[in-house]
file entry26.txt (compact mmCIF, C-alpha atoms)
# COMPACT_ATOMS: atom_id res chain seq x y z
CA MET A 1 -7.91 20.72 -11.60
CA ASN A 2 -8.61 17.97 -9.03
CA THR A 3 -4.89 17.34 -8.61
CA LEU A 4 -4.10 21.02 -8.11
CA LEU A 5 -6.90 21.48 -5.56
CA LEU A 6 -5.94 18.46 -3.47
CA LYS A 7 -2.24 19.26 -3.73
CA THR A 8 -2.93 22.76 -2.42
CA GLN A 9 -4.96 21.35 0.47
CA LEU A 10 -2.25 18.84 1.45
CA ASN A 11 0.49 21.45 1.18
CA TRP A 12 -1.52 23.79 3.39
CA ARG A 13 -2.11 21.08 5.99
CA ALA A 14 1.58 20.16 5.98
CA LEU A 15 2.54 23.81 6.38
CA ARG A 16 0.21 24.35 9.34
CA CYS A 17 0.96 21.00 10.97
CA GLN A 18 3.21 21.20 14.03
CA HIS A 19 3.85 17.47 14.37
CA GLN A 20 6.63 16.26 12.06
CA LEU A 21 5.08 12.79 11.71
CA PHE A 22 1.85 14.21 10.34
CA LYS A 23 3.66 16.79 8.22
CA GLY A 24 5.62 13.98 6.55
CA TYR A 25 2.43 11.95 6.13
CA TYR A 26 0.75 14.75 4.17
CA GLN A 27 3.86 15.36 2.08
CA SER A 28 4.14 11.66 1.21
CA LEU A 29 0.69 11.79 -0.41
CA ILE A 30 1.33 14.79 -2.66
CA PRO A 31 3.34 12.93 -5.38
CA LEU A 32 0.63 10.25 -5.54
CA LEU A 33 -2.18 12.61 -6.56
CA ALA A 34 -1.20 12.77 -10.24
CA MET A 35 -0.47 9.05 -10.53
CA PRO A 36 -2.88 6.76 -12.40
CA LEU A 37 -5.01 4.99 -9.79
CA SER A 38 -4.01 1.64 -11.31
CA GLU A 39 -0.35 2.32 -10.49
CA ALA A 40 -0.59 4.10 -7.15
CA PRO A 41 0.26 2.42 -3.83
CA LEU A 42 -3.02 2.02 -1.93
CA MET A 43 -4.03 0.59 1.43
CA ALA A 44 -7.49 -0.85 2.01
CA MET A 45 -8.53 -0.63 5.64
CA ASP A 46 -11.36 -1.56 7.96
CA LEU A 47 -12.04 -1.13 11.66
CA GLU A 48 -14.13 -2.99 14.18
CA MET A 49 -15.42 -0.78 16.99
CA THR A 50 -17.51 -1.04 20.14
CA GLY A 51 -20.07 1.30 18.56
CA LEU A 52 -20.52 4.01 15.98
CA ASN A 53 -19.75 7.14 18.03
CA PRO A 54 -16.04 8.10 17.90
CA GLN A 55 -16.56 10.41 20.89
CA GLN A 56 -17.43 7.53 23.23
CA ASP A 57 -16.81 4.20 21.46
CA GLN A 58 -13.44 2.54 20.89
CA ILE A 59 -11.48 0.79 18.14
CA LEU A 60 -11.18 -2.97 18.70
CA SER A 61 -9.24 -4.00 15.61
CA ILE A 62 -7.66 -2.55 12.48
CA GLY A 63 -7.20 -4.48 9.25
CA LEU A 64 -4.85 -3.26 6.51
CA VAL A 65 -4.53 -4.78 3.04
CA PRO A 66 -2.08 -3.27 0.52
CA ILE A 67 -2.98 -2.81 -3.15
CA GLU A 68 -0.11 -2.43 -5.61
CA ARG A 69 -0.50 -1.97 -9.36
CA GLY A 70 -3.90 -3.59 -9.36
CA GLU A 71 -2.86 -6.58 -7.26
CA ILE A 72 -3.31 -7.51 -3.59
CA PRO A 73 -0.19 -9.05 -1.97
CA LEU A 74 -2.01 -11.04 0.70
CA ALA A 75 1.19 -12.03 2.49
CA ARG A 76 1.54 -8.41 3.60
CA ALA A 77 -2.02 -7.98 4.88
CA GLU A 78 -2.13 -7.39 8.64
CA GLN A 79 -4.56 -6.99 11.49
CA LYS A 80 -4.07 -5.64 15.00
CA LEU A 81 -6.37 -6.20 17.96
CA VAL A 82 -6.50 -3.15 20.21
CA GLN A 83 -6.87 -2.90 23.98
CA ILE A 84 -9.88 -0.97 25.22
CA ARG A 85 -11.13 0.52 28.45
CA GLY A 86 -13.80 -1.68 30.00
CA SER A 87 -15.65 -4.44 28.16
CA VAL A 88 -16.70 -4.98 24.54
CA GLY A 89 -20.25 -5.46 25.85
CA GLN A 90 -23.08 -6.16 23.43
CA SER A 91 -20.97 -5.08 20.45
CA ALA A 92 -19.49 -8.60 20.47
CA THR A 93 -22.66 -9.81 18.74
CA ILE A 94 -21.62 -7.75 15.69
CA HIS A 95 -17.88 -8.32 15.39
CA GLY A 96 -17.36 -11.51 17.43
CA ILE A 97 -14.45 -10.05 19.41
CA LEU A 98 -14.66 -11.04 23.08
CA ASP A 99 -12.89 -9.54 26.08
CA ASN A 100 -10.54 -12.52 26.35
CA HIS A 101 -9.45 -12.01 22.72
CA LEU A 102 -7.92 -8.68 23.76
CA VAL A 103 -5.59 -10.04 26.43
CA GLN A 104 -2.62 -9.92 24.03
CA ALA A 105 -3.88 -6.89 22.10
CA VAL A 106 -1.70 -3.83 21.50
CA THR A 107 -2.32 -0.47 23.14
CA ILE A 108 -4.13 2.19 21.13
CA GLU A 109 -0.87 4.19 21.15
CA ASP A 110 1.02 1.30 19.54
CA ALA A 111 -1.86 0.69 17.14
CA MET A 112 -1.81 4.30 15.91
CA THR A 113 1.98 4.26 15.48
CA TRP A 114 1.65 1.05 13.47
CA PHE A 115 -1.20 2.49 11.41
CA ILE A 116 0.72 5.64 10.47
CA ASN A 117 3.87 3.69 9.60
CA GLN A 118 1.98 1.14 7.48
CA THR A 119 -0.05 3.69 5.57
CA TYR A 120 2.69 6.32 5.12
CA GLY A 121 3.02 7.06 1.40
CA ARG A 122 -0.15 5.14 0.53
CA VAL A 123 -3.67 6.29 -0.29
CA LEU A 124 -6.28 4.90 2.08
CA VAL A 125 -9.29 2.96 0.73
CA ALA A 126 -12.35 2.12 2.83
CA HIS A 127 -16.03 1.34 2.49
CA HIS A 128 -17.88 4.21 4.20
CA ALA A 129 -14.49 5.82 4.80
CA PRO A 130 -15.71 8.82 6.87
CA LEU A 131 -16.73 6.57 9.78
CA ASP A 132 -13.39 4.76 10.03
CA CYS A 133 -11.45 7.98 9.50
CA ARG A 134 -13.35 9.77 12.28
CA PHE A 135 -12.39 7.05 14.77
CA LEU A 136 -8.75 7.11 13.69
CA GLN A 137 -8.63 10.90 13.76
CA GLN A 138 -10.13 10.99 17.24
CA ASP A 139 -7.47 8.63 18.63
CA LEU A 140 -4.67 10.41 16.77
CA LEU A 141 -5.83 13.71 18.26
CA THR A 142 -5.95 12.24 21.77
CA ILE A 143 -2.50 10.68 21.51
CA TYR A 144 -0.57 13.30 19.54
CA HIS A 145 -2.58 16.44 20.50
CA GLN A 146 -2.69 17.33 16.83
CA ALA A 147 -5.72 17.24 14.55
CA MET A 148 -5.19 15.24 11.37
CA VAL A 149 -7.18 14.70 8.19
CA LEU A 150 -6.95 11.28 6.52
CA PRO A 151 -7.75 11.50 2.78
CA ALA A 152 -9.36 8.26 1.65
CA ILE A 153 -11.02 6.73 -1.39
CA ASP A 154 -14.53 5.68 -0.39
CA THR A 155 -15.80 2.66 -2.32
CA LEU A 156 -19.31 3.30 -0.99
CA MET A 157 -19.39 6.79 -2.52
CA LEU A 158 -17.92 5.55 -5.80
CA GLU A 159 -20.70 2.97 -6.00
CA LYS A 160 -23.34 5.52 -5.02
CA HIS A 161 -22.30 7.82 -7.86
CA ARG A 162 -22.31 4.91 -10.30
CA LEU A 163 -25.80 3.78 -9.28
CA LEU A 164 -27.23 7.30 -9.42
CA ARG A 165 -26.04 7.63 -13.00
CA LYS A 166 -28.25 4.63 -13.83
CA HIS A 167 -31.20 5.05 -11.44
CA PRO A 168 -32.92 8.08 -9.88
CA THR A 169 -33.05 6.42 -6.45
CA ILE A 170 -30.99 3.84 -4.54
CA GLN A 171 -32.67 0.97 -2.73
CA GLU A 172 -32.04 0.65 1.00
CA GLY A 173 -29.14 -1.68 1.74
CA SER A 174 -27.81 -1.63 -1.81
CA LEU A 175 -24.66 0.24 -0.74
CA ARG A 176 -23.61 -2.26 1.90
CA LEU A 177 -20.26 -3.85 1.20
CA GLY A 178 -21.72 -7.29 0.48
CA ALA A 179 -24.41 -5.91 -1.82
CA CYS A 180 -21.84 -3.87 -3.75
CA ARG A 181 -19.59 -6.90 -4.17
CA GLU A 182 -22.50 -9.03 -5.36
CA ARG A 183 -23.18 -6.65 -8.26
CA TYR A 184 -19.65 -7.25 -9.51
CA GLY A 185 -19.86 -11.01 -9.11
CA LEU A 186 -17.47 -11.06 -6.16
CA PRO A 187 -17.87 -13.78 -3.51
CA ILE A 188 -19.52 -12.96 -0.19
CA TYR A 189 -17.20 -13.59 2.73
CA SER A 190 -18.94 -15.10 5.74
CA ALA A 191 -16.31 -14.10 8.30
CA HIS A 192 -16.75 -10.62 9.76
CA SER A 193 -13.43 -9.15 10.80
CA ALA A 194 -11.44 -6.01 10.08
CA LEU A 195 -8.95 -7.94 7.96
CA THR A 196 -11.62 -9.75 5.94
CA ASP A 197 -13.59 -6.56 5.36
CA ALA A 198 -10.44 -4.66 4.36
CA LEU A 199 -9.73 -7.38 1.79
CA ALA A 200 -13.35 -7.26 0.61
CA CYS A 201 -13.09 -3.49 0.22
CA GLY A 202 -9.83 -3.74 -1.72
CA GLU A 203 -11.30 -6.31 -4.10
CA LEU A 204 -14.37 -4.13 -4.58
CA LEU A 205 -12.21 -1.16 -5.58
CA LEU A 206 -10.36 -3.26 -8.16
CA ALA A 207 -13.71 -4.39 -9.59
CA GLN A 208 -14.96 -0.80 -9.67
CA MET A 209 -11.79 0.29 -11.45
CA ALA A 210 -12.21 -2.45 -14.05
CA ALA A 211 -15.79 -1.29 -14.68
CA MET A 212 -14.87 2.37 -15.07
CA GLY A 213 -14.58 3.57 -18.63
CA GLY A 214 -11.10 4.95 -19.27
CA SER A 215 -9.92 3.88 -15.83
CA ALA A 216 -6.31 3.91 -16.99
CA GLN A 217 -6.56 7.70 -17.24
CA LEU A 218 -8.14 8.16 -13.80
CA THR A 219 -5.72 9.69 -11.33
CA VAL A 220 -5.69 9.29 -7.57
CA ALA A 221 -6.91 12.88 -7.28
CA ASP A 222 -9.85 12.18 -9.60
CA VAL A 223 -11.05 9.28 -7.44
CA LEU A 224 -10.42 11.07 -4.14
CA TYR A 225 -12.50 13.95 -5.49
CA GLN A 226 -15.34 11.58 -6.44
CA SER A 227 -15.19 10.08 -2.94
CA ALA A 228 -15.73 13.41 -1.22
call {"tool": "encode", "arguments": {"input": "entry26.txt", "output": "structure tokens"}}
result
Amino acid sequence: MNTLLLKTQLNWRALRCQHQLFKGYYQSLIPLLAMPLSEAPLMAMDLEMTGLNPQQDQILSIGLVPIERGEIPLARAEQKLVQIRGSVGQSATIHGILDNHLVQAVTIEDAMTWFINQTYGRVLVAHHAPLDCRFLQQDLLTIYHQAMVLPAIDTLMLEKHRLLRKHPTIQEGSLRLGACRERYGLPIYSAHSALTDALACGELLLAQMAAMGGSAQLTVADVLYQSA
């Protein structure tokens, strides 16, 4: 049922989409929906931004870490710094990216082209995926003049559902990426960057998959549905 519903949604978006790049992107995801999650090509991602409002803040960096058959090929992990309008301002205290770090950064247009090409035919994975997806969708709309939806597995929502099955309430801060990783015995990374956080998110998903009963039978559509 989950596979049929999501397949219908993707087919409908592809049919209505006027931009061939986005149409192909949707179509590339359709065959993945029925695949076991453990075998599907995934892409963990993370963004660093100047703030939390996609209407006024900007993407500073994008980290992408592939996941293939339950393994992370680190040699193919990548990060792009992105040029912005103006200064990073006080946001530098969060992400550590300074204005002079962006001198050799790529344009947002090049960053979005790279993002689409790297994630084409892969299911996105992110911790608190809606926030990152809203920023990406805003820039894609500005550049291509075409609205796009980015389906993504949200490790935060997967963990939230798991905790609520055990406890009636969730303690504040317990869904942060570091706190989630700690429950699975994963190391806490001190560096705070898009690439490091994308890797941390990918490792968290693999730990979550290992903890799921009957995870071998879980399809991509099942987990996307749980992440909604």
call {"tool": "residues_around", "arguments": {"input": "entry26.txt", "residues": "region 133-148 of chain A", "least_positions_apart": "4", "cutoff": "9 Å", "atoms": "only C-alpha atoms", "output": "PyMOL selection string"}}
result
chain A and resi 13+17-19+22+47+49+52-55+57-59+108-109+112+126+129+152
call {"tool": "atom_distance", "arguments": {"input": "entry26.txt", "atom1": "CA of Val223 (chain A)", "atom2": "CA of Thr155 (chain A)"}}
result
9.6 Å
call {"tool": "closest_residue", "arguments": {"input": "entry26.txt", "among": "A:Gly63, A:Pro73, A:Gly121, A:Gly178", "to": "Leu32 (chain A)", "atoms": "all atoms listed in the file"}}
result
A:Gly121
call {"tool": "residues_around", "arguments": {"input": "entry26.txt", "residues": "Val103 (chain A)", "least_positions_apart": "5", "cutoff": "10 Å", "atoms": "all atoms listed in the file", "output": "list in words"}}
result
Leu81, Val82, Gln83 and Leu98 of chain A
call {"tool": "atom_distance", "arguments": {"input": "entry26.txt", "atom1": "CA of Ala221 (chain A)", "atom2": "CA of Ile153 (chain A)"}}
result
9.5 Å
call {"tool": "closest_residue", "arguments": {"input": "entry26.txt", "among": "A:Ala92, A:Leu4, A:Leu206, A:Leu177", "to": "Glu68 (chain A)", "atoms": "only C-alpha atoms"}}
result
A:Leu206
call {"tool": "closest_residue", "arguments": {"input": "entry26.txt", "among": "A:Gln9, A:Gln226, A:Thr3, A:Ser87", "to": "Ala34 (chain A)", "atoms": "all atoms listed in the file"}}
result
A:Thr3
call {"tool": "closest_residue", "arguments": {"input": "entry26.txt", "among": "A:Leu186, A:Met45, A:Val106, A:Val220", "to": "Pro130 (chain A)", "atoms": "all atoms listed in the file"}}
result
A:Met45
call {"tool": "closest_residue", "arguments": {"input": "entry26.txt", "among": "A:Ile67, A:Ile97, A:Ala228, A:Ala75", "to": "Ala200 (chain A)", "atoms": "only C-alpha atoms"}}
result
A:Ile67
call {"tool": "atom_distance", "arguments": {"input": "entry26.txt", "atom1": "CA of Met157 (chain A)", "atom2": "CA of Trp12 (chain A)"}}
result
25.4 Å
call {"tool": "closest_residue", "arguments": {"input": "entry26.txt", "among": "A:Asp132, A:Glu172, A:Asp197, A:Asp99", "to": "Gln79 (chain A)", "atoms": "all atoms listed in the file"}}
result
A:Asp197
call {"tool": "residues_around", "arguments": {"input": "entry26.txt", "residues": "Leu64 (chain A)", "least_positions_apart": "4", "cutoff": "10 Å", "atoms": "only C-alpha atoms", "output": "count of residues only"}}
result
23
